[in-house]
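J.: upload_14.pdb is reproduced below (PDB, C-alpha atoms and all ligand atoms).
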ATOM      1  CA  MET A  20      94.115 -93.101-117.444
ATOM      2  CA  ARG A  21      97.644 -94.412-116.767
ATOM      3  CA  HIS A  22      97.910 -98.189-116.584
ATOM      4  CA  VAL A  23     101.178-100.011-115.893
ATOM      5  CA  ASN A  24     101.605-102.701-118.494
ATOM      6  CA  ASP A  25     104.527-102.816-120.946
ATOM      7  CA  LEU A  26     105.786 -99.380-119.761
ATOM      8  CA  LEU A  27     106.374 -98.343-123.393
ATOM      9  CA  ASP A  28     104.191 -95.308-122.671
ATOM     10  CA  PHE A  29     106.325 -94.332-119.647
ATOM     11  CA  SER A  30     109.003 -91.693-120.136
ATOM     12  CA  THR A  31     112.429 -91.479-118.534
ATOM     13  CA  THR A  32     110.976 -88.837-116.209
ATOM     14  CA  ASP A  33     108.017 -91.049-115.208
ATOM     15  CA  LEU A  34     110.242 -94.011-114.359
ATOM     16  CA  THR A  35     112.787 -91.857-112.546
ATOM     17  CA  GLU A  36     110.001 -90.292-110.476
ATOM     18  CA  ILE A  37     108.607 -93.723-109.519
ATOM     19  CA  ILE A  38     112.026 -94.944-108.397
ATOM     20  CA  ASP A  39     112.658 -91.673-106.537
ATOM     21  CA  CYS A  40     109.301 -92.151-104.751
ATOM     22  CA  ALA A  41     110.371 -95.667-103.757
ATOM     23  CA  ILE A  42     113.693 -94.353-102.415
ATOM     24  CA  ALA A  43     111.995 -91.527-100.497
ATOM     25  CA  ILE A  44     109.330 -93.768 -98.944
ATOM     26  CA  LYS A  45     111.909 -96.417 -98.022
ATOM     27  CA  ALA A  46     114.040 -93.744 -96.308
ATOM     28  CA  SER A  47     111.155 -92.158 -94.361
ATOM     29  CA  PRO A  48     108.298 -94.696 -94.098
ATOM     30  CA  ASN A  49     106.601 -92.850 -91.249
ATOM     31  CA  ASP A  50     106.038 -89.811 -93.474
ATOM     32  CA  TYR A  51     103.828 -91.958 -95.740
ATOM     33  CA  ARG A  52     101.792 -93.954 -93.168
ATOM     34  CA  GLU A  53      98.544 -92.287 -94.260
ATOM     35  CA  ALA A  54      99.512 -91.590 -97.883
ATOM     36  CA  LEU A  55      96.911 -94.013 -99.289
ATOM     37  CA  SER A  56      94.429 -93.741 -96.455
ATOM     38  CA  SER A  57      90.958 -95.041 -97.437
ATOM     39  CA  LYS A  58      92.308 -96.355-100.771
ATOM     40  CA  SER A  59      91.768-100.003-101.728
ATOM     41  CA  LEU A  60      93.791-102.181-104.070
ATOM     42  CA  ALA A  61      92.282-105.326-105.624
ATOM     43  CA  MET A  62      94.930-107.990-106.322
ATOM     44  CA  LEU A  63      93.787-110.572-108.827
ATOM     45  CA  PHE A  64      95.846-113.736-109.333
ATOM     46  CA  GLN A  65      95.476-116.237-112.147
ATOM     47  CA  LYS A  66      98.927-117.650-111.335
ATOM     48  CA  THR A  67     100.875-118.441-108.173
ATOM     49  CA  SER A  68     102.877-115.781-106.345
ATOM     50  CA  THR A  69     104.792-115.169-103.165
ATOM     51  CA  ARG A  70     106.584-111.819-103.578
ATOM     52  CA  THR A  71     104.047-109.985-105.693
ATOM     53  CA  ARG A  72     101.196-110.790-103.372
ATOM     54  CA  VAL A  73     103.082-110.099-100.139
ATOM     55  CA  SER A  74     104.764-106.906-101.315
ATOM     56  CA  PHE A  75     101.598-105.289-102.700
ATOM     57  CA  GLU A  76      99.531-106.239 -99.661
ATOM     58  CA  VAL A  77     102.116-105.006 -97.153
ATOM     59  CA  ALA A  78     102.716-101.872 -99.245
ATOM     60  CA  MET A  79      99.043-100.943 -99.050
ATOM     61  CA  THR A  80      98.944-101.620 -95.305
ATOM     62  CA  GLU A  81     102.048 -99.534 -94.642
ATOM     63  CA  LEU A  82     100.722 -96.670 -96.777
ATOM     64  CA  GLY A  83      97.474 -96.607 -94.789
ATOM     65  CA  GLY A  84      95.313 -98.331 -97.405
ATOM     66  CA  HIS A  85      93.838-101.786 -97.837
ATOM     67  CA  ALA A  86      94.492-104.694-100.220
ATOM     68  CA  ILE A  87      91.998-107.391-101.265
ATOM     69  CA  TYR A  88      93.410-110.717-102.474
ATOM     70  CA  MET A  89      91.310-112.371-105.190
ATOM     71  CA  ASP A  90      92.070-115.827-106.533
ATOM     72  CA  TRP A  91      90.867-116.284-110.098
ATOM     73  CA  GLN A  92      89.602-119.815-109.450
ATOM     74  CA  THR A  93      87.444-118.841-106.497
ATOM     75  CA  SER A  94      86.001-115.669-107.993
ATOM     76  CA  ASN A  95      83.458-115.253-110.752
ATOM     77  CA  PHE A  96      86.155-114.145-113.173
ATOM     78  CA  ILE A  97      86.157-117.786-114.309
ATOM     79  CA  LEU A  98      82.448-117.685-115.198
ATOM     80  CA  THR A  99      81.732-114.608-117.208
ATOM     81  CA  ASP A 100      82.905-111.798-119.461
ATOM     82  CA  LEU A 101      86.169-110.303-118.206
ATOM     83  CA  ALA A 102      85.129-106.765-119.035
ATOM     84  CA  TYR A 103      81.954-107.000-116.950
ATOM     85  CA  GLU A 104      83.781-108.314-113.893
ATOM     86  CA  ILE A 105      86.562-105.750-114.083
ATOM     87  CA  GLU A 106      84.164-102.855-114.574
ATOM     88  CA  TYR A 107      82.303-103.963-111.451
ATOM     89  CA  LEU A 108      85.566-104.341-109.511
ATOM     90  CA  SER A 109      86.819-100.942-110.606
ATOM     91  CA  ARG A 110      83.720 -99.261-109.143
ATOM     92  CA  ASN A 111      84.782-100.480-105.684
ATOM     93  CA  VAL A 112      88.522 -99.921-105.496
ATOM     94  CA  GLN A 113      90.963 -97.184-106.505
ATOM     95  CA  ILE A 114      93.553 -99.426-108.166
ATOM     96  CA  ILE A 115      93.821-103.000-109.472
ATOM     97  CA  MET A 116      96.867-105.248-109.808
ATOM     98  CA  ALA A 117      96.465-108.407-111.891
ATOM     99  CA  ARG A 118      98.798-111.349-112.471
ATOM    100  CA  LEU A 119      97.493-112.985-115.616
ATOM    101  CA  LEU A 120      98.495-115.745-117.998
ATOM    102  CA  SER A 121      98.037-113.614-121.087
ATOM    103  CA  ASN A 122      98.759-109.968-121.802
ATOM    104  CA  GLU A 123      95.737-109.884-124.111
ATOM    105  CA  ASP A 124      93.529-110.366-121.054
ATOM    106  CA  PHE A 125      95.327-107.524-119.282
ATOM    107  CA  GLN A 126      94.563-105.239-122.225
ATOM    108  CA  ILE A 127      90.872-106.212-122.217
ATOM    109  CA  MET A 128      90.688-105.533-118.512
ATOM    110  CA  ALA A 129      92.550-102.208-118.744
ATOM    111  CA  LYS A 130      90.031-101.001-121.344
ATOM    112  CA  ALA A 131      87.108-101.903-119.091
ATOM    113  CA  SER A 132      88.570-100.630-115.842
ATOM    114  CA  GLN A 133      87.603 -97.246-114.454
ATOM    115  CA  VAL A 134      90.737 -97.168-112.286
ATOM    116  CA  PRO A 135      94.445 -97.651-113.008
ATOM    117  CA  MET A 136      95.634-101.225-113.469
ATOM    118  CA  ILE A 137      99.074-102.658-112.786
ATOM    119  CA  ASN A 138     100.413-105.709-114.580
ATOM    120  CA  GLY A 139     101.676-107.998-111.798
ATOM    121  CA  CYS A 140     103.450-110.241-114.353
ATOM    122  CA  CYS A 141     102.065-111.904-117.475
ATOM    123  CA  ASP A 142     103.511-113.903-120.355
ATOM    124  CA  ARG A 143     105.188-110.778-121.781
ATOM    125  CA  TYR A 144     106.051-108.227-119.107
ATOM    126  CA  HIS A 145     106.969-107.934-115.442
ATOM    127  CA  PRO A 146     107.170-104.162-114.923
ATOM    128  CA  CYS A 147     107.046-104.268-111.103
ATOM    129  CA  GLN A 148     110.025-106.614-111.025
ATOM    130  CA  ALA A 149     112.083-104.409-113.344
ATOM    131  CA  LEU A 150     111.369-101.298-111.255
ATOM    132  CA  THR A 151     112.588-103.244-108.214
ATOM    133  CA  ASP A 152     115.703-104.338-110.074
ATOM    134  CA  VAL A 153     116.678-100.791-110.990
ATOM    135  CA  LEU A 154     116.100 -99.640-107.398
ATOM    136  CA  THR A 155     118.333-102.502-106.216
ATOM    137  CA  MET A 156     121.142-101.702-108.657
ATOM    138  CA  ILE A 157     121.077 -98.022-107.641
ATOM    139  CA  GLU A 158     121.374 -99.024-103.970
ATOM    140  CA  HIS A 159     124.234-101.455-104.588
ATOM    141  CA  SER A 160     126.454 -99.406-106.885
ATOM    142  CA  ALA A 161     128.591 -96.308-106.409
ATOM    143  CA  LYS A 162     128.241 -95.593-110.142
ATOM    144  CA  PRO A 163     125.558 -93.409-111.695
ATOM    145  CA  LEU A 164     122.845 -95.558-113.222
ATOM    146  CA  ASN A 165     123.875 -94.811-116.797
ATOM    147  CA  ASP A 166     127.379 -96.218-116.114
ATOM    148  CA  ILE A 167     126.038 -99.520-114.752
ATOM    149  CA  HIS A 168     126.256-102.664-116.886
ATOM    150  CA  LEU A 169     123.762-105.436-116.210
ATOM    151  CA  LEU A 170     124.317-108.897-117.694
ATOM    152  CA  TYR A 171     121.134-110.971-117.872
ATOM    153  CA  SER A 172     121.841-114.660-118.514
ATOM    154  CA  GLY A 173     118.903-116.947-119.239
ATOM    155  CA  VAL A 174     115.787-116.992-121.372
ATOM    156  CA  GLN A 175     114.271-113.906-122.990
ATOM    157  CA  ASN A 176     111.017-113.662-121.093
ATOM    158  CA  ASN A 177     108.715-111.250-119.285
ATOM    159  CA  VAL A 178     111.497-110.168-116.902
ATOM    160  CA  SER A 179     114.145-109.591-119.574
ATOM    161  CA  ASN A 180     111.573-107.711-121.671
ATOM    162  CA  SER A 181     110.846-105.273-118.862
ATOM    163  CA  LEU A 182     114.591-104.891-118.195
ATOM    164  CA  VAL A 183     115.072-103.933-121.871
ATOM    165  CA  LEU A 184     112.498-101.181-121.477
ATOM    166  CA  MET A 185     114.170 -99.931-118.269
ATOM    167  CA  ALA A 186     117.640 -99.937-119.851
ATOM    168  CA  ASP A 187     116.338 -98.023-122.844
ATOM    169  CA  ARG A 188     114.566 -95.375-120.782
ATOM    170  CA  LEU A 189     117.099 -95.061-117.940
ATOM    171  CA  GLY A 190     120.342 -95.457-119.872
ATOM    172  CA  PHE A 191     122.148 -98.366-118.225
ATOM    173  CA  SER A 192     123.926-100.976-120.359
ATOM    174  CA  LEU A 193     122.187-104.319-120.697
ATOM    175  CA  THR A 194     123.636-107.464-122.221
ATOM    176  CA  LEU A 195     121.198-110.318-122.746
ATOM    177  CA  ALA A 196     123.070-113.628-122.851
ATOM    178  CA  THR A 197     120.208-115.697-124.195
ATOM    179  CA  PRO A 198     119.186-117.964-127.022
ATOM    180  CA  GLU A 199     117.461-115.944-129.758
ATOM    181  CA  THR A 200     113.769-115.417-129.123
ATOM    182  CA  GLN A 201     111.494-117.142-131.603
ATOM    183  CA  THR A 202     108.867-114.843-133.064
ATOM    184  CA  SER A 203     106.327-117.492-131.999
ATOM    185  CA  ALA A 204     107.354-117.248-128.317
ATOM    186  CA  ALA A 205     104.677-115.901-125.976
ATOM    187  CA  SER A 206     107.173-113.331-124.694
ATOM    188  CA  TYR A 207     108.100-112.034-128.164
ATOM    189  CA  ASP A 208     107.469-108.300-128.368
ATOM    190  CA  ILE A 209     108.229-106.602-131.648
ATOM    191  CA  GLN A 210     108.750-103.143-130.124
ATOM    192  CA  LEU A 211     111.189-104.410-127.512
ATOM    193  CA  GLN A 212     113.059-106.432-130.135
ATOM    194  CA  ALA A 213     113.398-103.203-132.137
ATOM    195  CA  ILE A 214     114.857-101.470-129.057
ATOM    196  CA  ILE A 215     117.432-104.283-128.714
ATOM    197  CA  GLN A 216     118.426-103.715-132.352
ATOM    198  CA  GLU A 217     118.540 -99.927-132.147
ATOM    199  CA  ASN A 218     119.929 -99.023-128.718
ATOM    200  CA  PRO A 219     123.753 -99.347-128.757
ATOM    201  CA  LYS A 220     123.818 -99.968-124.991
ATOM    202  CA  ILE A 221     121.556-103.038-125.301
ATOM    203  CA  ARG A 222     122.676-106.198-127.070
ATOM    204  CA  ARG A 223     122.083-109.925-127.200
ATOM    205  CA  VAL A 224     124.981-112.393-127.103
ATOM    206  CA  ASP A 225     125.163-116.185-127.261
ATOM    207  CA  ASP A 226     127.463-116.662-124.285
ATOM    208  CA  PRO A 227     127.533-114.878-120.883
ATOM    209  CA  ARG A 228     131.353-115.140-120.817
ATOM    210  CA  ILE A 229     131.504-112.535-123.605
ATOM    211  CA  ALA A 230     130.198-109.836-121.261
ATOM    212  CA  ILE A 231     130.972-110.977-117.744
ATOM    213  CA  ASP A 232     134.207-109.020-117.255
ATOM    214  CA  ALA A 233     132.474-105.744-118.128
ATOM    215  CA  ALA A 234     129.364-106.341-116.029
ATOM    216  CA  ASP A 235     128.611-104.934-112.568
ATOM    217  CA  PHE A 236     125.612-107.213-111.986
ATOM    218  CA  ILE A 237     124.627-110.629-113.318
ATOM    219  CA  TYR A 238     120.961-111.590-113.238
ATOM    220  CA  THR A 239     118.987-114.704-114.012
ATOM    221  CA  ASP A 240     115.406-115.900-113.862
ATOM    222  CA  THR A 241     113.654-119.251-114.098
ATOM    223  CA  TRP A 242     114.075-121.036-117.422
ATOM    224  CA  ILE A 243     110.555-122.451-117.306
ATOM    225  CA  ASP A 244     107.310-120.541-116.882
ATOM    226  CA  MET A 245     105.964-121.022-113.381
ATOM    227  CA  GLN A 246     102.708-122.598-114.522
ATOM    228  CA  PHE A 247     104.642-125.333-116.397
ATOM    229  CA  PHE A 248     107.329-126.096-113.813
ATOM    230  CA  ASN A 249     105.585-129.037-112.136
ATOM    231  CA  ASP A 250     103.451-130.126-115.112
ATOM    232  CA  PRO A 251     104.247-133.791-116.033
ATOM    233  CA  LYS A 252     102.932-133.160-119.593
ATOM    234  CA  LYS A 253     105.799-130.688-120.069
ATOM    235  CA  SER A 254     108.574-133.050-118.871
ATOM    236  CA  ALA A 255     110.109-133.787-122.321
ATOM    237  CA  GLU A 256     110.042-130.098-123.273
ATOM    238  CA  LYS A 257     111.539-129.240-119.888
ATOM    239  CA  ALA A 258     114.406-131.760-120.304
ATOM    240  CA  ALA A 259     115.303-130.352-123.735
ATOM    241  CA  LEU A 260     115.197-126.809-122.411
ATOM    242  CA  LEU A 261     117.471-127.646-119.488
ATOM    243  CA  THR A 262     120.147-128.988-121.849
ATOM    244  CA  LYS A 263     119.863-125.945-124.118
ATOM    245  CA  MET A 264     120.051-123.523-121.192
ATOM    246  CA  GLN A 265     122.976-125.069-119.292
ATOM    247  CA  PRO A 266     125.577-122.688-120.860
ATOM    248  CA  PHE A 267     123.607-119.763-119.410
ATOM    249  CA  GLN A 268     123.568-121.055-115.822
ATOM    250  CA  ILE A 269     125.033-118.768-113.149
ATOM    251  CA  ASN A 270     127.580-121.094-111.608
ATOM    252  CA  GLU A 271     131.017-121.056-109.971
ATOM    253  CA  PRO A 272     133.090-121.564-113.180
ATOM    254  CA  LEU A 273     131.309-118.569-114.755
ATOM    255  CA  ILE A 274     131.559-116.233-111.761
ATOM    256  CA  GLU A 275     134.977-117.334-110.364
ATOM    257  CA  ASP A 276     136.371-114.583-108.098
ATOM    258  CA  ARG A 277     134.981-111.706-110.139
ATOM    259  CA  ASN A 278     133.785-108.504-108.546
ATOM    260  CA  ILE A 279     130.182-108.883-109.705
ATOM    261  CA  LEU A 280     126.883-108.820-107.808
ATOM    262  CA  ILE A 281     124.382-111.634-108.330
ATOM    263  CA  MET A 282     120.664-111.037-108.845
ATOM    264  CA  HIS A 283     117.634-113.307-109.262
ATOM    265  CA  ASP A 284     113.998-112.232-109.056
ATOM    266  CA  MET A 285     112.922-115.483-107.278
ATOM    267  CA  PRO A 286     111.496-118.103-107.010
ATOM    268  CA  ILE A 287     114.833-119.899-107.394
ATOM    269  CA  HIS A 288     115.281-123.354-108.876
ATOM    270  CA  ASN A 289     118.536-124.652-107.402
ATOM    271  CA  ASP A 290     120.977-126.134-109.946
ATOM    272  CA  TYR A 291     118.836-125.025-112.874
ATOM    273  CA  GLU A 292     119.409-121.329-113.613
ATOM    274  CA  ILE A 293     121.753-120.856-110.607
ATOM    275  CA  THR A 294     123.754-123.007-108.226
ATOM    276  CA  PRO A 295     122.800-122.840-104.517
ATOM    277  CA  GLY A 296     126.351-121.844-103.551
ATOM    278  CA  LEU A 297     125.948-118.608-105.493
ATOM    279  CA  VAL A 298     122.513-117.882-104.056
ATOM    280  CA  ARG A 299     124.247-117.701-100.652
ATOM    281  CA  ASP A 300     127.535-116.219-101.927
ATOM    282  CA  PRO A 301     128.615-112.908-100.308
ATOM    283  CA  ARG A 302     128.216-111.302-103.747
ATOM    284  CA  SER A 303     124.549-112.333-103.911
ATOM    285  CA  ILE A 304     122.077-109.479-103.392
ATOM    286  CA  ILE A 305     119.118-111.707-104.208
ATOM    287  CA  PHE A 306     117.355-111.341-100.865
ATOM    288  CA  ASN A 307     117.876-107.568-100.797
ATOM    289  CA  GLN A 308     116.434-107.463-104.317
ATOM    290  CA  ALA A 309     113.395-109.506-103.285
ATOM    291  CA  ALA A 310     112.854-107.372-100.176
ATOM    292  CA  ASN A 311     112.906-104.297-102.425
ATOM    293  CA  ARG A 312     109.711-105.475-104.097
ATOM    294  CA  LEU A 313     107.910-103.896-101.134
ATOM    295  CA  HIS A 314     109.629-100.529-101.589
ATOM    296  CA  ALA A 315     109.240-100.466-105.362
ATOM    297  CA  GLN A 316     105.547-101.323-104.987
ATOM    298  CA  LYS A 317     105.077 -98.470-102.540
ATOM    299  CA  GLY A 318     106.749 -96.033-104.929
ATOM    300  CA  LEU A 319     104.633 -97.245-107.823
ATOM    301  CA  LEU A 320     101.310 -97.186-105.936
ATOM    302  CA  TYR A 321     101.990 -93.745-104.510
ATOM    303  CA  TRP A 322     103.149 -92.288-107.834
ATOM    304  CA  LEU A 323     100.363 -93.854-109.862
ATOM    305  CA  LEU A 324      97.606 -92.640-107.588
ATOM    306  CA  SER A 325      99.111 -89.131-107.562
ATOM    307  CA  HIS A 326      99.606 -88.963-111.344
ATOM    308  CA  GLN A 327      96.253 -89.799-112.864
ATOM    309  CA  PRO A 328      95.030 -87.163-115.328
ATOM    310  CA  SER A 329      92.008 -85.318-113.934
ATOM    311  CA  THR A 330      88.757 -86.179-115.728
TER     312      THR A 330
HETATM  313  N1  LIG B 401     109.496-112.374-108.675
HETATM  314  C1  LIG B 401     108.175-112.583-108.496
HETATM  315  O1  LIG B 401     107.338-112.019-109.212
HETATM  316  O2  LIG B 401     107.892-113.403-107.444
HETATM  317  P1  LIG B 401     106.472-114.111-107.229
HETATM  318  O3  LIG B 401     106.213-114.944-108.462
HETATM  319  O4  LIG B 401     106.647-114.955-106.002
HETATM  320  O5  LIG B 401     105.428-113.056-107.060
END
Let's see the structure in the file written out as structure tokens.
Ligand code: CP
T.:
Amino acid sequence: MRHVNDLLDFSTTDLTEIIDCAIAIKASPNDYREALSSKSLAMLFQKTSTRTRVSFEVAMTELGGHAIYMDWQTSNFILTDLAYEIEYLSRNVQIIMARLLSNEDFQIMAKASQVPMINGCCDRYHPCQALTDVLTMIEHSAKPLNDIHLLYSGVQNNVSNSLVLMADRLGFSLTLATPETQTSAASYDIQLQAIIQENPKIRRVDDPRIAIDAADFIYTDTWIDMQFFNDPKKSAEKAALLTKMQPFQINEPLIEDRNILIMHDMPIHNDYEITPGLVRDPRSIIFNQAANRLHAQKGLLYWLLSHQPST
């Protein structure tokens, strides 16, 4: 069974097909109105979400299927063995998307599930976001994908990890302007770190200014995991992180009048990872990128349900 987790098991062809599905469905939505007729998606959330929830639910509706929202806290996932609950769930729906705190839990659930599972963002990966980001770059560039240069400025996290995988499989250049990832970090992934070392088109630098003149797109993400953002117990850690991360902020002195497009996967924290002036700058494609979550989700759902090995 194909699950969508770290995407390490997805080939260049697989990822290209998913993005091509997204492009085709976006161009001709009426041709796909019944594509997932009588299919149900369970959406399980351990963490907050706006885009992931809305885009998956609307995607299922517009493809003729149905989506069920399940909040971890108000389901019996909090009470019992994960494997039991997911096996039950997978006997009722054709696909499951889960946003979880820990990738280990995703792996337990994927083993127990009788239907494909999609990682809707965890501590290590955000594959749905990275698919969206590639779709967005393709739409906003006249260059072939393998000539595009993406500069990611911020923390190495679930989003940057999934961008590394995409760059490796799809051939675009990726510069990560980030502090070095500690091996103890929740997002540390040994296989993706090896890709950064081995792929000449992917590199890490200490300063976004090193790469900005060569980049077509600049991208950032929150510096602080969403579940910690408003936690008073994390305030000292947060203050130290903000000082450390300031050189990686997307701001006016960094961008100046450069011909570069600005990306952010949202939610945005004004004056932390990006200044509000650049969120609304004519070079910002942030809202187009966020709207593309819907189209990328449709491509992924359609492809995944059409590409399961027969049993
Ligand atoms: N980018 C993203 O995953 O948004 P949500 O957290 O709102 O789902």
J.: To one decimal in Å, tell me the separation between atom CA of Ser160 of chain A and atom N1 of ligand LIG 401 (chain B).
T.: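 That distance, rounded to one decimal, is 21.4 Å.
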J.: Using only C-alpha atoms, determine which residues lie at most 9 Å from Met282 of chain A, disregarding the query and same-chain residues fewer than 6 positions distant; provide the list as an MDAnalysis selection string.
T.: chainID A and resid 152 236:240 298 303:306 308
J.: Nearest to ligand LIG 401 (chain B) among A:Leu189, A:Ala233, A:Cys140, A:Ile127, with distances taken over only C-alpha atoms and all ligand atoms: which residue is it?
T.: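 Once distances to ligand LIG 401 (chain B) are computed over only C-alpha atoms and all ligand atoms, the minimum belongs to A:Cys140.
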J.: Measure the distance from atom CA of Ser109 of chain A to atom O5 of ligand LIG 401 (chain B) in Å and round it to one decimal.
T.: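 According to the coordinates, atom CA of Ser109 of chain A and atom O5 of ligand LIG 401 (chain B) are separated by 22.5 Å.
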J.: Of the residues A:His159, A:Arg299, A:His283, A:Arg188, which is the one nearest to ligand LIG 401 (chain B), using all atoms listed in the file?
T.: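 Using all atoms listed in the file, the shortest distance to ligand LIG 401 (chain B) belongs to A:His283.
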J.: Which residue gives the smallest distance to Glu53 of chain A among A:Glu76, A:Asp33, A:Asp235, A:Glu81, with all atoms listed in the file counted?
T.: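 Between A:Glu76, A:Asp33, A:Asp235, A:Glu81, the residue approaching Glu53 of chain A most closely is A:Glu81.
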J.: Give as a ChimeraX atom specification the residues surrounding ligand LIG 401 (chain B) up to a distance of 9 Å, considering all atoms listed in the file.
T.: /A:66-74,118,139-140,145,147-148,178,240,245,283-286,309,312
J.: Using only C-alpha atoms, which of the listed residues (A:Ala230, A:Leu101, A:Ile243, A:Leu82) sits closest to Glu292 of chain A?
T.: A:Ile243
J.: Residues of segment 42-148 of chain A that have any atom at most 8 Å from an atom of segment 317-321 of chain A: could you tabulate them with the shortest-distance atom pair and the distance in Å to one decimal, using only C-alpha atoms, ordered by chain and increasing number, as JSON lines?
T.:
{"residue": "A:Ile42", "atom": "CA", "partner": "A:Gly318", "partner_atom": "CA", "distance": 7.6}
{"residue": "A:Ile44", "atom": "CA", "partner": "A:Gly318", "partner_atom": "CA", "distance": 6.9}
{"residue": "A:Ala54", "atom": "CA", "partner": "A:Tyr321", "partner_atom": "CA", "distance": 7.4}
{"residue": "A:Leu55", "atom": "CA", "partner": "A:Tyr321", "partner_atom": "CA", "distance": 7.3}
{"residue": "A:Phe75", "atom": "CA", "partner": "A:Lys317", "partner_atom": "CA", "distance": 7.7}
{"residue": "A:Ala78", "atom": "CA", "partner": "A:Lys317", "partner_atom": "CA", "distance": 5.3}
{"residue": "A:Met79", "atom": "CA", "partner": "A:Lys317", "partner_atom": "CA", "distance": 7.4}
{"residue": "A:Leu82", "atom": "CA", "partner": "A:Lys317", "partner_atom": "CA", "distance": 7.4}
J.: May I ask which of the residues A:Arg52, A:Lys45, A:His22, A:His85 is the closest one to Phe125 of chain A, counting all atoms listed in the file?
T.: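 Residue with the minimum atom-to-atom distance to Phe125 of chain A: A:His22.
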J.: Using all atoms listed in the file, list the residues that have an atom at most 7 Å from (95.8, -102.9, -111.4), coordinates as in the file, as a PyMOL selection string.
T.: chain A and resi 114-117+135-138
J.: May I ask which of the residues A:Asn177, A:Asn218, A:Gln126, A:Ser192 is the closest one to Ala204 of chain A, counting all atoms listed in the file?
T.: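 Result for the nearest residue to Ala204 of chain A: A:Asn177.
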J.: If I only want segment 219-224 of chain A, can you write it with all heavy atoms, as a PDB file, in the first residue's frame?
T.:
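Once written, out-v4.pdb looks like this:
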ATOM      1  N   PRO A 219      24.503  18.166  -5.494  1.00  0.00           N
ATOM      2  CA  PRO A 219      25.193  19.447  -5.704  1.00  0.00           C
ATOM      3  C   PRO A 219      24.250  20.630  -5.897  1.00  0.00           C
ATOM      4  O   PRO A 219      24.687  21.779  -5.782  1.00  0.00           O
ATOM      5  CB  PRO A 219      26.020  19.194  -6.974  1.00  0.00           C
ATOM      6  CG  PRO A 219      25.394  18.014  -7.639  1.00  0.00           C
ATOM      7  CD  PRO A 219      24.726  17.200  -6.567  1.00  0.00           C
ATOM      8  N   LYS A 220      22.967  20.362  -6.169  1.00  0.00           N
ATOM      9  CA  LYS A 220      22.023  21.472  -6.353  1.00  0.00           C
ATOM     10  C   LYS A 220      21.317  21.857  -5.044  1.00  0.00           C
ATOM     11  O   LYS A 220      20.452  22.716  -5.032  1.00  0.00           O
ATOM     12  CB  LYS A 220      20.990  21.117  -7.434  1.00  0.00           C
ATOM     13  CG  LYS A 220      21.638  20.979  -8.818  1.00  0.00           C
ATOM     14  CD  LYS A 220      20.630  20.644  -9.892  1.00  0.00           C
ATOM     15  CE  LYS A 220      19.855  21.868 -10.363  1.00  0.00           C
ATOM     16  NZ  LYS A 220      18.996  21.551 -11.532  1.00  0.00           N
ATOM     17  N   ILE A 221      21.688  21.165  -3.947  1.00  0.00           N
ATOM     18  CA  ILE A 221      21.088  21.490  -2.643  1.00  0.00           C
ATOM     19  C   ILE A 221      22.228  21.821  -1.679  1.00  0.00           C
ATOM     20  O   ILE A 221      23.196  21.066  -1.578  1.00  0.00           O
ATOM     21  CB  ILE A 221      20.267  20.303  -2.093  1.00  0.00           C
ATOM     22  CG1 ILE A 221      19.226  19.844  -3.117  1.00  0.00           C
ATOM     23  CG2 ILE A 221      19.597  20.673  -0.786  1.00  0.00           C
ATOM     24  CD1 ILE A 221      18.447  18.600  -2.706  1.00  0.00           C
ATOM     25  N   ARG A 222      22.111  22.949  -1.003  1.00  0.00           N
ATOM     26  CA  ARG A 222      23.172  23.303  -0.048  1.00  0.00           C
ATOM     27  C   ARG A 222      22.581  24.095   1.105  1.00  0.00           C
ATOM     28  O   ARG A 222      21.499  24.677   0.985  1.00  0.00           O
ATOM     29  CB  ARG A 222      24.260  24.136  -0.731  1.00  0.00           C
ATOM     30  CG  ARG A 222      23.728  25.458  -1.227  1.00  0.00           C
ATOM     31  CD  ARG A 222      24.809  26.340  -1.802  1.00  0.00           C
ATOM     32  NE  ARG A 222      24.194  27.542  -2.362  1.00  0.00           N
ATOM     33  CZ  ARG A 222      24.813  28.695  -2.551  1.00  0.00           C
ATOM     34  NH1 ARG A 222      26.091  28.832  -2.242  1.00  0.00           N
ATOM     35  NH2 ARG A 222      24.181  29.734  -3.062  1.00  0.00           N
ATOM     36  N   ARG A 223      23.316  24.102   2.197  1.00  0.00           N
ATOM     37  CA  ARG A 223      22.960  24.942   3.347  1.00  0.00           C
ATOM     38  C   ARG A 223      23.981  26.049   3.474  1.00  0.00           C
ATOM     39  O   ARG A 223      25.186  25.814   3.292  1.00  0.00           O
ATOM     40  CB  ARG A 223      22.941  24.117   4.635  1.00  0.00           C
ATOM     41  CG  ARG A 223      22.290  24.854   5.812  1.00  0.00           C
ATOM     42  CD  ARG A 223      22.656  24.252   7.147  1.00  0.00           C
ATOM     43  NE  ARG A 223      24.068  24.439   7.450  1.00  0.00           N
ATOM     44  CZ  ARG A 223      24.599  25.579   7.902  1.00  0.00           C
ATOM     45  NH1 ARG A 223      23.850  26.639   8.136  1.00  0.00           N
ATOM     46  NH2 ARG A 223      25.902  25.661   8.137  1.00  0.00           N
ATOM     47  N   VAL A 224      23.500  27.282   3.723  1.00  0.00           N
ATOM     48  CA  VAL A 224      24.395  28.415   3.959  1.00  0.00           C
ATOM     49  C   VAL A 224      23.977  29.103   5.254  1.00  0.00           C
ATOM     50  O   VAL A 224      22.871  28.889   5.754  1.00  0.00           O
ATOM     51  CB  VAL A 224      24.364  29.423   2.775  1.00  0.00           C
ATOM     52  CG1 VAL A 224      24.852  28.779   1.488  1.00  0.00           C
ATOM     53  CG2 VAL A 224      22.966  30.015   2.584  1.00  0.00           C
TER      54      VAL A 224
END
